[in-house]
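**Student:** Data file protein_5.tsv (TSV, C-alpha atoms) is appended below.
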```
chain	number	residue	atom	x	y	z
A	1	MET	CA	0.00	0.00	0.00
A	2	ASN	CA	1.26	3.45	-0.87
A	3	LEU	CA	0.54	5.51	2.25
A	4	SER	CA	-1.20	8.71	1.20
A	5	ASP	CA	-0.92	12.25	2.47
A	6	SER	CA	-3.46	13.17	5.11
A	7	GLN	CA	-4.34	16.10	7.31
A	8	THR	CA	-4.78	15.83	11.04
A	9	GLY	CA	-5.82	19.14	12.44
A	10	GLY	CA	-3.46	21.29	10.37
A	11	SER	CA	-3.49	23.02	7.03
A	12	VAL	CA	-0.29	21.44	5.70
A	13	PRO	CA	-0.54	17.90	4.30
A	14	ARG	CA	1.91	15.41	5.77
A	15	ARG	CA	2.89	11.81	5.17
A	16	VAL	CA	0.87	9.24	7.11
A	17	SER	CA	3.11	6.92	9.12
A	18	ALA	CA	2.86	3.14	9.18
A	19	MET	CA	1.60	3.31	12.75
A	20	GLU	CA	-1.14	5.79	11.79
A	21	ALA	CA	-2.23	3.52	8.94
A	22	VAL	CA	-2.44	0.52	11.27
A	23	LEU	CA	-4.26	2.57	13.90
A	24	GLY	CA	-6.72	3.89	11.33
A	25	HIS	CA	-7.36	0.38	10.04
A	26	LEU	CA	-8.02	-1.08	13.50
A	27	ARG	CA	-10.00	1.93	14.71
A	28	SER	CA	-12.26	1.74	11.65
A	29	ALA	CA	-12.81	-1.97	12.22
A	30	ILE	CA	-13.85	-1.30	15.82
A	31	GLU	CA	-16.12	1.61	14.89
A	32	ARG	CA	-17.78	-0.45	12.13
A	33	GLY	CA	-18.42	-3.27	14.59
A	34	ASP	CA	-16.06	-5.78	12.97
A	35	TYR	CA	-14.68	-6.10	16.49
A	36	ALA	CA	-17.54	-5.59	18.95
A	37	VAL	CA	-17.27	-4.48	22.57
A	38	GLY	CA	-16.01	-7.48	24.52
A	39	ASP	CA	-14.26	-9.04	21.54
A	40	LYS	CA	-10.60	-9.96	21.70
A	41	LEU	CA	-8.40	-8.63	18.92
A	42	PRO	CA	-6.30	-11.16	16.99
A	43	SER	CA	-2.85	-11.87	18.44
A	44	GLU	CA	0.05	-9.56	17.70
A	45	ALA	CA	1.61	-12.20	15.47
A	46	GLU	CA	-1.61	-12.57	13.48
A	47	LEU	CA	-2.13	-8.81	13.12
A	48	CYS	CA	1.48	-8.32	12.01
A	49	ARG	CA	0.97	-11.01	9.38
A	50	ARG	CA	-2.34	-9.58	8.15
A	51	LEU	CA	-1.23	-5.96	8.09
A	52	GLU	CA	2.34	-6.63	6.96
A	53	VAL	CA	3.99	-4.48	9.60
A	54	SER	CA	6.62	-5.04	12.27
A	55	ARG	CA	5.71	-5.78	15.87
A	56	PRO	CA	7.02	-2.39	17.17
A	57	VAL	CA	4.73	-0.53	14.72
A	58	LEU	CA	1.76	-2.70	15.71
A	59	ARG	CA	2.42	-2.21	19.41
A	60	GLU	CA	2.49	1.58	18.98
A	61	ALA	CA	-0.90	1.39	17.29
A	62	LEU	CA	-2.29	-0.86	20.03
A	63	ARG	CA	-1.05	1.58	22.69
A	64	ALA	CA	-2.79	4.42	20.83
A	65	LEU	CA	-6.05	2.44	20.74
A	66	GLN	CA	-5.79	1.97	24.48
A	67	THR	CA	-5.03	5.66	25.03
A	68	MET	CA	-8.15	6.49	23.03
A	69	GLY	CA	-10.16	4.29	25.35
A	70	LEU	CA	-11.18	1.80	22.64
A	71	THR	CA	-9.30	-1.20	24.03
A	72	VAL	CA	-7.70	-2.56	27.16
A	73	SER	CA	-4.71	-4.88	27.40
A	74	ARG	CA	-4.97	-7.77	29.85
A	75	THR	CA	-1.69	-9.41	30.77
A	76	GLY	CA	-1.50	-12.94	29.46
A	77	LYS	CA	-4.90	-12.71	27.79
A	78	GLY	CA	-4.60	-10.16	24.99
A	79	THR	CA	-6.25	-6.94	23.87
A	80	PHE	CA	-10.01	-6.53	24.24
A	81	VAL	CA	-12.43	-3.95	22.81
A	82	VAL	CA	-14.12	-1.92	25.56
A	83	SER	CA	-15.72	0.88	23.51
A	84	SER	CA	-16.75	1.51	19.92
A	85	THR	CA	-16.33	5.29	20.09
A	86	VAL	CA	-13.52	7.59	21.19
A	87	GLU	CA	-14.52	9.99	23.95
A	88	ASP	CA	-11.67	11.20	26.16
A	89	PRO	CA	-8.11	9.87	25.71
A	90	THR	CA	-6.21	9.00	28.88
A	91	PHE	CA	-2.55	9.87	29.43
A	92	GLY	CA	-1.14	7.91	32.34
A	93	ASP	CA	-3.37	8.63	35.34
A	94	TYR	CA	-5.22	11.57	33.79
A	95	ALA	CA	-7.95	12.06	31.19
A	96	ALA	CA	-7.06	14.51	28.43
A	97	SER	CA	-9.88	16.88	29.39
A	98	ASP	CA	-8.77	17.02	33.03
A	99	LEU	CA	-5.15	17.52	32.03
A	100	LEU	CA	-5.96	20.39	29.68
A	101	GLU	CA	-8.20	22.07	32.25
A	102	VAL	CA	-5.40	22.08	34.81
A	103	ARG	CA	-2.79	23.17	32.27
A	104	ARG	CA	-4.90	26.20	31.28
A	105	HIS	CA	-5.28	27.27	34.90
A	106	VAL	CA	-1.62	26.71	35.78
A	107	GLU	CA	0.64	27.15	32.76
A	108	ILE	CA	-0.97	30.31	31.35
A	109	PRO	CA	-0.48	32.43	34.49
A	110	VAL	CA	2.89	30.72	35.06
A	111	ALA	CA	4.07	32.05	31.69
A	112	GLY	CA	3.08	35.56	32.77
A	113	TYR	CA	4.96	35.27	36.06
A	114	ALA	CA	7.97	33.84	34.23
A	115	ALA	CA	8.09	36.84	31.89
A	116	VAL	CA	8.37	39.16	34.89
A	117	ARG	CA	10.62	37.06	37.12
A	118	ARG	CA	12.91	35.11	34.77
A	119	THR	CA	16.67	35.32	35.26
A	120	PRO	CA	19.41	35.35	32.60
A	121	GLU	CA	20.12	31.73	33.58
A	122	ASP	CA	16.49	30.81	32.94
A	123	LEU	CA	16.63	32.39	29.49
A	124	ASP	CA	19.89	30.60	28.65
A	125	HIS	CA	18.40	27.27	29.68
A	126	LEU	CA	15.22	27.81	27.68
A	127	ALA	CA	17.10	29.02	24.62
A	128	HIS	CA	19.37	25.96	24.76
A	129	LEU	CA	16.38	23.61	25.05
A	130	LEU	CA	14.59	25.36	22.21
A	131	GLU	CA	17.61	25.09	19.92
A	132	ARG	CA	17.98	21.39	20.65
A	133	MET	CA	14.28	20.76	20.07
A	134	GLU	CA	14.31	22.58	16.74
A	135	HIS	CA	17.11	20.33	15.49
A	136	GLU	CA	15.92	17.06	17.06
A	137	THR	CA	14.47	14.44	14.71
A	138	ASP	CA	13.93	11.59	17.17
A	139	THR	CA	10.42	11.69	18.63
A	140	THR	CA	11.35	10.13	21.97
A	141	ALA	CA	14.17	12.62	22.55
A	142	TRP	CA	11.99	15.54	21.47
A	143	VAL	CA	9.18	14.53	23.82
A	144	ALA	CA	11.62	14.37	26.74
A	145	MET	CA	12.80	17.90	25.97
A	146	ASP	CA	9.22	19.09	25.57
A	147	THR	CA	8.47	18.23	29.19
A	148	LEU	CA	11.75	19.82	30.27
A	149	PHE	CA	10.74	23.00	28.43
A	150	HIS	CA	7.49	23.32	30.38
A	151	LEU	CA	9.31	22.58	33.62
A	152	ALA	CA	11.83	25.30	32.77
A	153	VAL	CA	9.06	27.86	32.22
A	154	ALA	CA	7.60	26.91	35.61
A	155	GLN	CA	11.06	27.24	37.16
A	156	ALA	CA	11.40	30.72	35.65
A	157	ALA	CA	8.25	31.77	37.51
A	158	GLN	CA	10.32	31.49	40.72
A	159	ASN	CA	7.59	29.67	42.65
A	160	PRO	CA	8.45	26.08	43.63
A	161	VAL	CA	4.78	25.13	43.88
A	162	PHE	CA	4.29	25.73	40.15
A	163	ARG	CA	7.22	23.48	39.32
A	164	ARG	CA	5.89	20.82	41.69
A	165	VAL	CA	2.53	20.84	39.88
A	166	ILE	CA	4.21	20.37	36.50
A	167	GLU	CA	6.38	17.61	37.96
A	168	GLU	CA	3.22	15.83	39.12
A	169	ILE	CA	1.78	15.74	35.61
A	170	ARG	CA	5.12	15.28	33.84
A	171	ASP	CA	4.49	11.68	32.80
A	172	ALA	CA	1.05	12.57	31.47
A	173	LEU	CA	2.52	15.52	29.54
A	174	ALA	CA	5.09	13.24	27.92
A	175	ARG	CA	2.44	10.69	26.93
A	176	GLN	CA	0.23	13.44	25.53
A	177	SER	CA	3.14	14.97	23.63
A	178	ALA	CA	4.08	11.63	22.05
A	179	PHE	CA	0.44	11.00	21.11
A	180	LEU	CA	0.04	14.41	19.46
A	181	ASN	CA	3.32	14.12	17.59
A	182	GLU	CA	2.59	10.66	16.24
A	183	LEU	CA	-1.03	11.29	15.28
A	184	GLY	CA	-1.13	15.05	14.82
A	185	GLY	CA	2.26	16.00	13.40
A	186	ARG	CA	2.67	18.62	16.11
A	187	ARG	CA	6.45	18.82	16.45
A	188	GLU	CA	7.31	21.72	14.14
A	189	GLN	CA	4.22	23.66	15.13
A	190	SER	CA	5.08	23.14	18.80
A	191	ASN	CA	8.59	24.42	18.18
A	192	ARG	CA	7.17	27.63	16.71
A	193	GLU	CA	4.80	28.05	19.65
A	194	HIS	CA	7.62	27.41	22.14
A	195	ARG	CA	9.77	30.03	20.41
A	196	ALA	CA	6.96	32.59	20.77
A	197	ILE	CA	6.84	31.84	24.50
A	198	VAL	CA	10.61	32.28	24.88
A	199	GLU	CA	10.59	35.52	22.89
A	200	ALA	CA	7.89	36.90	25.19
A	201	LEU	CA	10.00	35.96	28.22
A	202	ILE	CA	13.04	37.64	26.69
A	203	ASP	CA	10.98	40.82	26.16
A	204	ARG	CA	9.65	40.61	29.73
A	205	SER	CA	6.17	40.91	28.26
A	206	GLU	CA	3.67	39.33	30.62
A	207	GLN	CA	0.85	39.95	28.15
A	208	ASP	CA	2.67	38.31	25.24
A	209	ALA	CA	3.76	35.36	27.37
A	210	VAL	CA	0.20	34.71	28.50
A	211	ALA	CA	-1.04	35.00	24.92
A	212	ALA	CA	1.69	32.68	23.59
A	213	MET	CA	1.03	29.98	26.18
A	214	SER	CA	-2.74	30.33	25.65
A	215	HIS	CA	-2.26	29.83	21.92
A	216	HIS	CA	0.00	26.82	22.52
A	217	LEU	CA	-2.54	25.07	24.75
A	218	GLU	CA	-5.39	25.92	22.39
A	219	ARG	CA	-3.52	24.24	19.54
A	220	VAL	CA	-2.94	21.19	21.75
A	221	SER	CA	-6.65	21.08	22.49
A	222	THR	CA	-7.63	21.51	18.83
A	223	THR	CA	-5.31	18.72	17.67
A	224	LEU	CA	-6.62	16.38	20.34
A	225	THR	CA	-10.18	17.15	19.30
A	226	ASP	CA	-9.36	16.53	15.63
A	227	ILE	CA	-7.81	13.15	16.46
A	228	VAL	CA	-10.72	12.09	18.64
A	229	ARG	CA	-13.37	13.20	16.12
A	230	ALA	CA	-11.62	11.80	13.07
A	231	ALA	CA	-14.22	9.90	11.07
A	232	HIS	CA	-13.34	6.31	10.33
A	233	THR	CA	-14.04	7.07	6.66
A	234	ASP	CA	-10.93	9.26	6.69
A	235	ALA	CA	-8.75	6.33	7.70
A	236	PRO	CA	-6.94	4.23	5.05
A	237	THR	CA	-9.14	1.40	3.83
A	238	GLU	CA	-6.38	-0.70	2.30
A	239	THR	CA	-4.25	-3.05	4.32
A	240	PRO	CA	-1.34	-1.00	5.72
A	241	THR	CA	2.16	-1.93	4.64
A	242	GLU	CA	5.08	-0.64	6.64
A	243	PRO	CA	7.33	1.65	4.57
A	244	SER	CA	11.05	1.12	4.72
A	245	THR	CA	12.16	4.72	5.18
A	246	GLU	CA	9.10	6.77	6.03
A	247	GLY	CA	6.94	6.89	9.10
A	248	GLY	CA	8.16	9.77	11.29
A	249	PRO	CA	5.72	12.53	12.24
A	250	GLU	CA	6.01	15.73	10.24
A	251	ALA	CA	4.26	19.04	10.73
```
Do you think you could lay out the structure here as structure tokens?
**Tutor:**
Amino acid sequence: MNLSDSQTGGSVPRRVSAMEAVLGHLRSAIERGDYAVGDKLPSEAELCRRLEVSRPVLREALRALQTMGLTVSRTGKGTFVVSSTVEDPTFGDYAASDLLEVRRHVEIPVAGYAAVRRTPEDLDHLAHLLERMEHETDTTAWVAMDTLFHLAVAQAAQNPVFRRVIEEIRDALARQSAFLNELGGRREQSNREHRAIVEALIDRSEQDAVAAMSHHLERVSTTLTDIVRAAHTDAPTETPTEPSTEGGPEA
């Protein structure tokens, strides 16, 4: 199968990865009722054979199905369908809606405080992280730096409670970031949004920092909504075949 270009919440077409094709195929099958609630999905070996993909690609897709709340994995028993519709993805211990609500109430004012209180050391650290993120091509490494970036903004606010809150949701932030990058091609857009935040901090503009963080979280929310609402008719209908060189998320 020649994986086609698709749009996931953005205006720029991007290449669909092997994992996205597998996820779309399985999600469509669940939404159509080919696998009903309570049904067990075929084994990993069988799915890899049918879909002609490697086990790592399949496992990423299965994890995404579970994050979406469509399936649950039971140790030693397999993967079972628990819902036929996507409602509220879960990242670690937190539902996406709860996580975003808290982030809006914490990270937006934190950005404003950081613009007023940041030190030269804070700016150096953020600038270094931003530069590394803009040149990073590995998703796992980028996601790790993404969480460090948000921790660094909280640190710049000079209130240890803010940093502690971000630390508490750090694992959920990383899971959400990986999810959005893989299914929403968010990396380059996120880099631009992060740069706007840093520039506002450099200018000591509380208003611009608040606006930049607000925009960043709104784009996160919009991409999540687009992924959750994606109609199964938009998913590839052919059997996915894993490409040899393509598959990374692009914005």
**Student:** Using all atoms listed in the file, which of the listed residues (A:Arg50, A:Arg204, A:Arg175, A:His215) sits closest to Arg192 (chain A)?
**Tutor:** A:His215
**Student:** Which residue gives the smallest distance to Met133 (chain A) among A:Thr79, A:Gln158, A:Thr147, A:Thr85, with all atoms listed in the file counted?
**Tutor:**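 For Met133 (chain A), the nearest of the given residues is A:Thr147.
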**Student:** So that I can see what lies close to region 92-105 of chain A, please list as an NGL selection string the residues with an atom at most 12 Å from it, counting all atoms listed in the file and leaving out residues fewer than 4 positions away in the same chain.
**Tutor:** :A and (63 or 66-69 or 86-88 or 109-112 or 150 or 154 or 162 or 165-166 or 168-177 or 179-180 or 210-211 or 213-225 or 228)
**Student:** Have a look at CA of Gly185 (chain A) and CA of Ser83 (chain A) and let me know their distance in Å, one decimal.
**Tutor:**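 Spanning CA of Gly185 (chain A) to CA of Ser83 (chain A) is a straight-line distance of 25.6 Å.
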**Student:** Kindly indicate which residue among A:Glu134, A:Asp34, A:Glu193, A:Asp39 lies nearest to Val72 (chain A), using all atoms listed in the file for the distances.
**Tutor:**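 Result for the nearest residue to Val72 (chain A): A:Asp39.
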**Student:** Using all atoms of region 22-39 of chain A that appear in the file, construct an axis-aligned enclosing box with 8 Å of padding on every side and provide its centre coordinates and edge lengths in Å, rounded to one decimal, as JSON.
**Tutor:**
```
{"center_x": -10.4, "center_y": -2.6, "center_z": 17.3, "size_x": 32.0, "size_y": 28.9, "size_z": 30.5}
```
